[in-house]
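Accompanying notes for the structure given below.
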Amino acid sequence: MTEKENFMMLLRGEQPEWVPYYTFIQSPTGSPPPVGMTGPSFLMSHITQPGIQTDIWGVKHIPVPEAAGAKIPQTHDFILTDIRKWRDVIKAPDISGFDWEAMAKKDMERSRYDRSQTLLSFGLHPGYFQLLVSFMGFADALCAMYEEPDEVKALIEYLSDFYLEVARNTIDFYKPDMLNITDDIATSLNPFFSLEMYRDIFKPFYVQLVKLADDRGLPVEMHCCGHCEVFVDDWVNDLHVVAWNPAQTSNDILAIKEKYNNKLVICGAWDVSKMPQEYQTEEAIKQSVYDTIDKYAVGGGYAFCGSFLGPEGDEQTKIKNRWVAEAVESYGKTFYKKH
């Protein structure tokens, strides 16, 4: 059985043969990832200045050295300062003349994934809330949601129309195995806004996207960091989400797992808040992995998800991540034979 086949068992609500290591990159031990990302390359940010990448909307992204060079929208000089003027600023690319078949063939040839080993999930954007934040910054985006909700919804409808067309072609020509929804709508303590506001402003547009996935027979996964458990019922019941990552421990993961059993795959639940203080030695790091698997993997519905972040190329970070991978793969491979 391949990593892909094992993970597909999870998505179907079955107990897998082993506990997967949910990661989009090859494991430090050399094992192929059970899940990989695919999608049109034109959606990616492109280098426009040294150290800066610009996305299709004109937002500049800068690297964060402490996060292995991962890029985030720059925190000044936002492209949108007045939500009422979004129509003058936000312009979707013209995709009417795209040769989707040729583009998909080229992108897939460049892909590092072996489709026989890795399930391919496609994501379109960082999330409608995060897109709004990248346009305006957190403070102005949240103020706009309270002061001009109709304008915010009009902007998201415009974005949604564009991304739905991209999604249709991605499904038809890239033939992914799963839809990935991403939107970080919570801090480690609380959501950025209420459940009612989520349902009013954002959820209707995700429902449209999920309907497209449902019609094409694709399962749906959700990426959302932080204390976001208040949204889980809506995700499972209305967005048909079957997997959630990184499912951080600021949420009551055991209660969520008990409520949904194997209907919702928990990808994560590793307590990263203890990393700087406690996870320093090989023994401690591996024991934390064993403890996490023991706590959450019984009966299925679980995939380990977690790694250390550090400066790009940092050798100590690489060593720690190898210890994590070794622990997941050695302990997880035999876990269900013993439980």
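Chain labels A, B, ... are given in the sequence in which chains occur in the structure tokens; within each chain residues are numbered consecutively from 1, and ligands are likewise numbered from 1 in the order shown.
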Subject >> Expected answer as a ChimeraX atom specification: helix (DSSP H, G or I) residues in segment 147-271 of chain A >> reply: /A:147,149-174,195-215,229-238,253-263
Can you spit out the residues from that selection as an mmCIF file, in the first residue's frame, using C-alpha atoms?
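Full text of part-v4.cif as output:
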```
data_model
loop_
_atom_site.group_PDB
_atom_site.id
_atom_site.type_symbol
_atom_site.label_atom_id
_atom_site.label_comp_id
_atom_site.auth_asym_id
_atom_site.auth_seq_id
_atom_site.Cartn_x
_atom_site.Cartn_y
_atom_site.Cartn_z
ATOM 1 C CA GLU A 147 -18.230 49.484 8.556
ATOM 2 C CA PRO A 149 -19.802 44.813 4.859
ATOM 3 C CA ASP A 150 -21.651 45.157 1.554
ATOM 4 C CA GLU A 151 -18.537 46.491 -0.167
ATOM 5 C CA VAL A 152 -16.449 43.682 1.320
ATOM 6 C CA LYS A 153 -18.951 41.120 0.044
ATOM 7 C CA ALA A 154 -18.983 42.741 -3.385
ATOM 8 C CA LEU A 155 -15.183 42.493 -3.531
ATOM 9 C CA ILE A 156 -15.194 38.854 -2.447
ATOM 10 C CA GLU A 157 -17.887 38.057 -5.009
ATOM 11 C CA TYR A 158 -15.620 39.529 -7.676
ATOM 12 C CA LEU A 159 -12.700 37.440 -6.430
ATOM 13 C CA SER A 160 -14.906 34.371 -6.191
ATOM 14 C CA ASP A 161 -16.129 34.653 -9.779
ATOM 15 C CA PHE A 162 -12.526 34.692 -10.959
ATOM 16 C CA TYR A 163 -11.366 31.836 -8.757
ATOM 17 C CA LEU A 164 -14.365 29.635 -9.582
ATOM 18 C CA GLU A 165 -13.432 29.823 -13.252
ATOM 19 C CA VAL A 166 -9.849 28.933 -12.371
ATOM 20 C CA ALA A 167 -11.098 26.052 -10.211
ATOM 21 C CA ARG A 168 -13.229 24.585 -13.013
ATOM 22 C CA ASN A 169 -10.263 24.505 -15.368
ATOM 23 C CA THR A 170 -7.898 23.244 -12.688
ATOM 24 C CA ILE A 171 -10.175 20.293 -11.970
ATOM 25 C CA ASP A 172 -10.660 19.536 -15.661
ATOM 26 C CA PHE A 173 -7.018 19.768 -16.750
ATOM 27 C CA TYR A 174 -4.873 19.145 -13.645
ATOM 28 C CA LEU A 195 -19.157 33.070 13.650
ATOM 29 C CA GLU A 196 -22.091 35.224 12.527
ATOM 30 C CA MET A 197 -19.794 37.482 10.517
ATOM 31 C CA TYR A 198 -18.081 34.447 8.996
ATOM 32 C CA ARG A 199 -21.445 33.077 7.893
ATOM 33 C CA ASP A 200 -22.530 36.430 6.479
ATOM 34 C CA ILE A 201 -19.394 37.516 4.626
ATOM 35 C CA PHE A 202 -17.174 34.548 3.785
ATOM 36 C CA LYS A 203 -18.975 31.232 4.045
ATOM 37 C CA PRO A 204 -21.382 31.710 1.084
ATOM 38 C CA PHE A 205 -18.428 31.960 -1.300
ATOM 39 C CA TYR A 206 -16.809 28.833 0.086
ATOM 40 C CA VAL A 207 -20.126 27.031 -0.310
ATOM 41 C CA GLN A 208 -19.997 27.842 -4.036
ATOM 42 C CA LEU A 209 -16.476 26.441 -4.292
ATOM 43 C CA VAL A 210 -17.365 23.309 -2.363
ATOM 44 C CA LYS A 211 -20.365 22.686 -4.601
ATOM 45 C CA LEU A 212 -17.973 22.587 -7.538
ATOM 46 C CA ALA A 213 -15.788 20.064 -5.695
ATOM 47 C CA ASP A 214 -18.830 17.984 -4.724
ATOM 48 C CA ASP A 215 -20.068 17.916 -8.309
ATOM 49 C CA GLU A 229 -13.073 25.414 16.783
ATOM 50 C CA VAL A 230 -16.209 27.582 16.668
ATOM 51 C CA PHE A 231 -16.180 27.188 12.871
ATOM 52 C CA VAL A 232 -15.723 23.412 12.745
ATOM 53 C CA ASP A 233 -19.440 22.542 12.720
ATOM 54 C CA ASP A 234 -19.970 24.771 9.677
ATOM 55 C CA TRP A 235 -16.944 23.301 7.939
ATOM 56 C CA VAL A 236 -18.062 19.724 8.412
ATOM 57 C CA ASN A 237 -21.807 20.164 7.909
ATOM 58 C CA ASP A 238 -21.939 22.848 5.207
ATOM 59 C CA ILE A 253 -9.068 18.468 19.770
ATOM 60 C CA LEU A 254 -10.226 15.482 21.800
ATOM 61 C CA ALA A 255 -13.768 16.855 22.045
ATOM 62 C CA ILE A 256 -13.830 17.526 18.295
ATOM 63 C CA LYS A 257 -12.492 14.055 17.563
ATOM 64 C CA GLU A 258 -15.097 12.464 19.850
ATOM 65 C CA LYS A 259 -17.899 14.459 18.214
ATOM 66 C CA TYR A 260 -17.020 13.623 14.628
ATOM 67 C CA ASN A 261 -15.203 10.327 15.126
ATOM 68 C CA ASN A 262 -13.585 9.505 11.755
ATOM 69 C CA LYS A 263 -15.825 11.853 9.777
#
```
Do you have, as a tab-separated table, the list of residues of segment 58-149 of chain A lying at most 9 Å from segment 25-38 of chain A, each with its nearest atom pair and that distance in Å to one decimal, counting only C-alpha atoms and ordered by chain then number?
```
residue	atom	partner	partner_atom	distance
A:Asp107	CA	A:Thr38	CA	8.5
A:Met108	CA	A:Thr38	CA	8.0
A:Ser111	CA	A:Thr38	CA	7.9
A:Tyr113	CA	A:Gly36	CA	6.9
A:Asp114	CA	A:Pro32	CA	8.2
A:Gln117	CA	A:Pro32	CA	6.7
A:Thr118	CA	A:Pro34	CA	4.8
A:Leu119	CA	A:Val35	CA	4.7
A:Leu120	CA	A:Gly36	CA	4.8
A:Ser121	CA	A:Met37	CA	5.0
A:Phe122	CA	A:Thr38	CA	4.9
A:Gly123	CA	A:Met37	CA	7.3
```
Residue subset to file, keeping all heavy atoms, as a CSV table (one decimal), in the first residue's frame:
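Written file, again10.csv:
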```
chain,number,residue,atom,x,y,z
A,107,ASP,N,3.0,22.4,-16.2
A,107,ASP,CA,3.1,22.5,-14.8
A,107,ASP,C,3.2,21.1,-14.2
A,107,ASP,O,4.0,20.9,-13.3
A,107,ASP,CB,1.8,23.1,-14.2
A,107,ASP,CG,1.8,24.6,-14.4
A,107,ASP,OD1,2.9,25.2,-14.7
A,107,ASP,OD2,0.7,25.2,-14.3
A,108,MET,N,2.5,20.1,-14.7
A,108,MET,CA,2.6,18.8,-14.1
A,108,MET,C,3.9,18.1,-14.5
A,108,MET,O,4.4,17.3,-13.7
A,108,MET,CB,1.4,17.9,-14.7
A,108,MET,CG,0.0,18.4,-14.2
A,108,MET,SD,-0.2,18.5,-12.4
A,108,MET,CE,-0.2,16.8,-12.0
A,111,SER,N,6.2,19.1,-11.9
A,111,SER,CA,5.9,18.7,-10.5
A,111,SER,C,6.8,17.6,-10.0
A,111,SER,O,7.3,16.8,-10.7
A,111,SER,CB,4.5,18.0,-10.5
A,111,SER,OG,4.1,17.5,-9.3
A,113,TYR,N,6.0,15.5,-7.7
A,113,TYR,CA,5.3,14.5,-7.0
A,113,TYR,C,5.1,13.3,-8.0
A,113,TYR,O,4.9,13.5,-9.2
A,113,TYR,CB,3.9,15.0,-6.6
A,113,TYR,CG,4.0,16.1,-5.6
A,113,TYR,CD1,3.5,17.4,-5.9
A,113,TYR,CD2,4.5,15.9,-4.3
A,113,TYR,CE1,3.5,18.4,-4.9
A,113,TYR,CE2,4.5,16.9,-3.4
A,113,TYR,CZ,4.1,18.1,-3.7
A,113,TYR,OH,4.1,19.1,-2.7
A,114,ASP,N,5.1,12.1,-7.4
A,114,ASP,CA,4.7,10.9,-8.1
A,114,ASP,C,3.3,10.6,-7.8
A,114,ASP,O,2.9,10.3,-6.6
A,114,ASP,CB,5.6,9.7,-7.6
A,114,ASP,CG,5.3,8.4,-8.3
A,114,ASP,OD1,4.2,8.3,-8.9
A,114,ASP,OD2,6.1,7.5,-8.1
A,117,GLN,N,2.1,7.8,-5.7
A,117,GLN,CA,2.5,7.7,-4.3
A,117,GLN,C,1.8,8.9,-3.5
A,117,GLN,O,1.7,8.7,-2.3
A,117,GLN,CB,4.0,7.9,-4.2
A,117,GLN,CG,4.8,6.8,-4.8
A,117,GLN,CD,4.7,5.5,-4.0
A,117,GLN,OE1,4.6,5.5,-2.8
A,117,GLN,NE2,4.7,4.4,-4.8
A,118,THR,N,1.5,10.0,-4.2
A,118,THR,CA,1.1,11.2,-3.5
A,118,THR,C,-0.3,11.7,-4.0
A,118,THR,O,-0.4,11.8,-5.2
A,118,THR,CB,2.1,12.3,-3.6
A,118,THR,OG1,3.4,11.8,-3.0
A,118,THR,CG2,1.7,13.6,-3.0
A,119,LEU,N,-1.2,11.9,-3.1
A,119,LEU,CA,-2.5,12.5,-3.4
A,119,LEU,C,-2.3,14.0,-3.7
A,119,LEU,O,-1.6,14.7,-2.9
A,119,LEU,CB,-3.4,12.3,-2.3
A,119,LEU,CG,-4.8,12.9,-2.3
A,119,LEU,CD1,-5.7,12.0,-1.4
A,119,LEU,CD2,-4.8,14.3,-1.7
A,120,LEU,N,-2.9,14.5,-4.8
A,120,LEU,CA,-2.7,15.9,-5.1
A,120,LEU,C,-3.9,16.7,-4.7
A,120,LEU,O,-5.0,16.5,-5.1
A,120,LEU,CB,-2.4,16.1,-6.6
A,120,LEU,CG,-1.0,15.6,-7.0
A,120,LEU,CD1,-0.8,16.0,-8.5
A,120,LEU,CD2,0.1,16.1,-6.2
A,121,SER,N,-3.7,17.7,-3.9
A,121,SER,CA,-4.7,18.7,-3.4
A,121,SER,C,-4.5,20.0,-4.1
A,121,SER,O,-3.3,20.4,-4.3
A,121,SER,CB,-4.6,18.8,-1.9
A,121,SER,OG,-5.6,19.7,-1.5
A,122,PHE,N,-5.5,20.7,-4.5
A,122,PHE,CA,-5.3,22.0,-5.2
A,122,PHE,C,-5.9,23.1,-4.3
A,122,PHE,O,-7.0,23.0,-3.8
A,122,PHE,CB,-5.8,22.0,-6.6
A,122,PHE,CG,-7.3,22.3,-6.8
A,122,PHE,CD1,-7.8,23.6,-7.1
A,122,PHE,CD2,-8.2,21.3,-6.6
A,122,PHE,CE1,-9.1,23.8,-7.3
A,122,PHE,CE2,-9.6,21.5,-6.8
A,122,PHE,CZ,-10.0,22.8,-7.1
A,123,GLY,N,-5.2,24.2,-4.2
A,123,GLY,CA,-5.7,25.3,-3.5
A,123,GLY,C,-5.5,26.5,-4.4
A,123,GLY,O,-4.6,26.6,-5.2
```
**OP:** Mind giving me the straight-line distance from atom CA of Val220 of chain A to atom CA of Gly13 of chain A in Å, one decimal?
**Re:**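 Straight-line distance from atom CA of Val220 of chain A to atom CA of Gly13 of chain A works out to 13.2 Å.
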**OP:** Pick out the residues sitting within 10 Å of Phe304 of chain A, and hand them over as a list in words; count only C-alpha atoms, and ignore anything fewer than 3 positions along from it in its own chain.
**Re:** Val19, Pro20, Tyr21, Tyr22, Thr23, Asn245, Pro246, Ile266, Cys267, Gly268, Ala269, Trp270, Val289, Thr292, Ile293, Tyr296, Ala297, Ser307, Val324, Ala325, Val328, Glu329 and Gly332 of chain A
**OP:** Go ahead and compute the interatomic distance for atom CA of Val241 of chain A and atom CA of Thr187 of chain A, in Å to one decimal.
**Re:**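 Result for atom CA of Val241 of chain A versus atom CA of Thr187 of chain A: 20.8 Å, one decimal.
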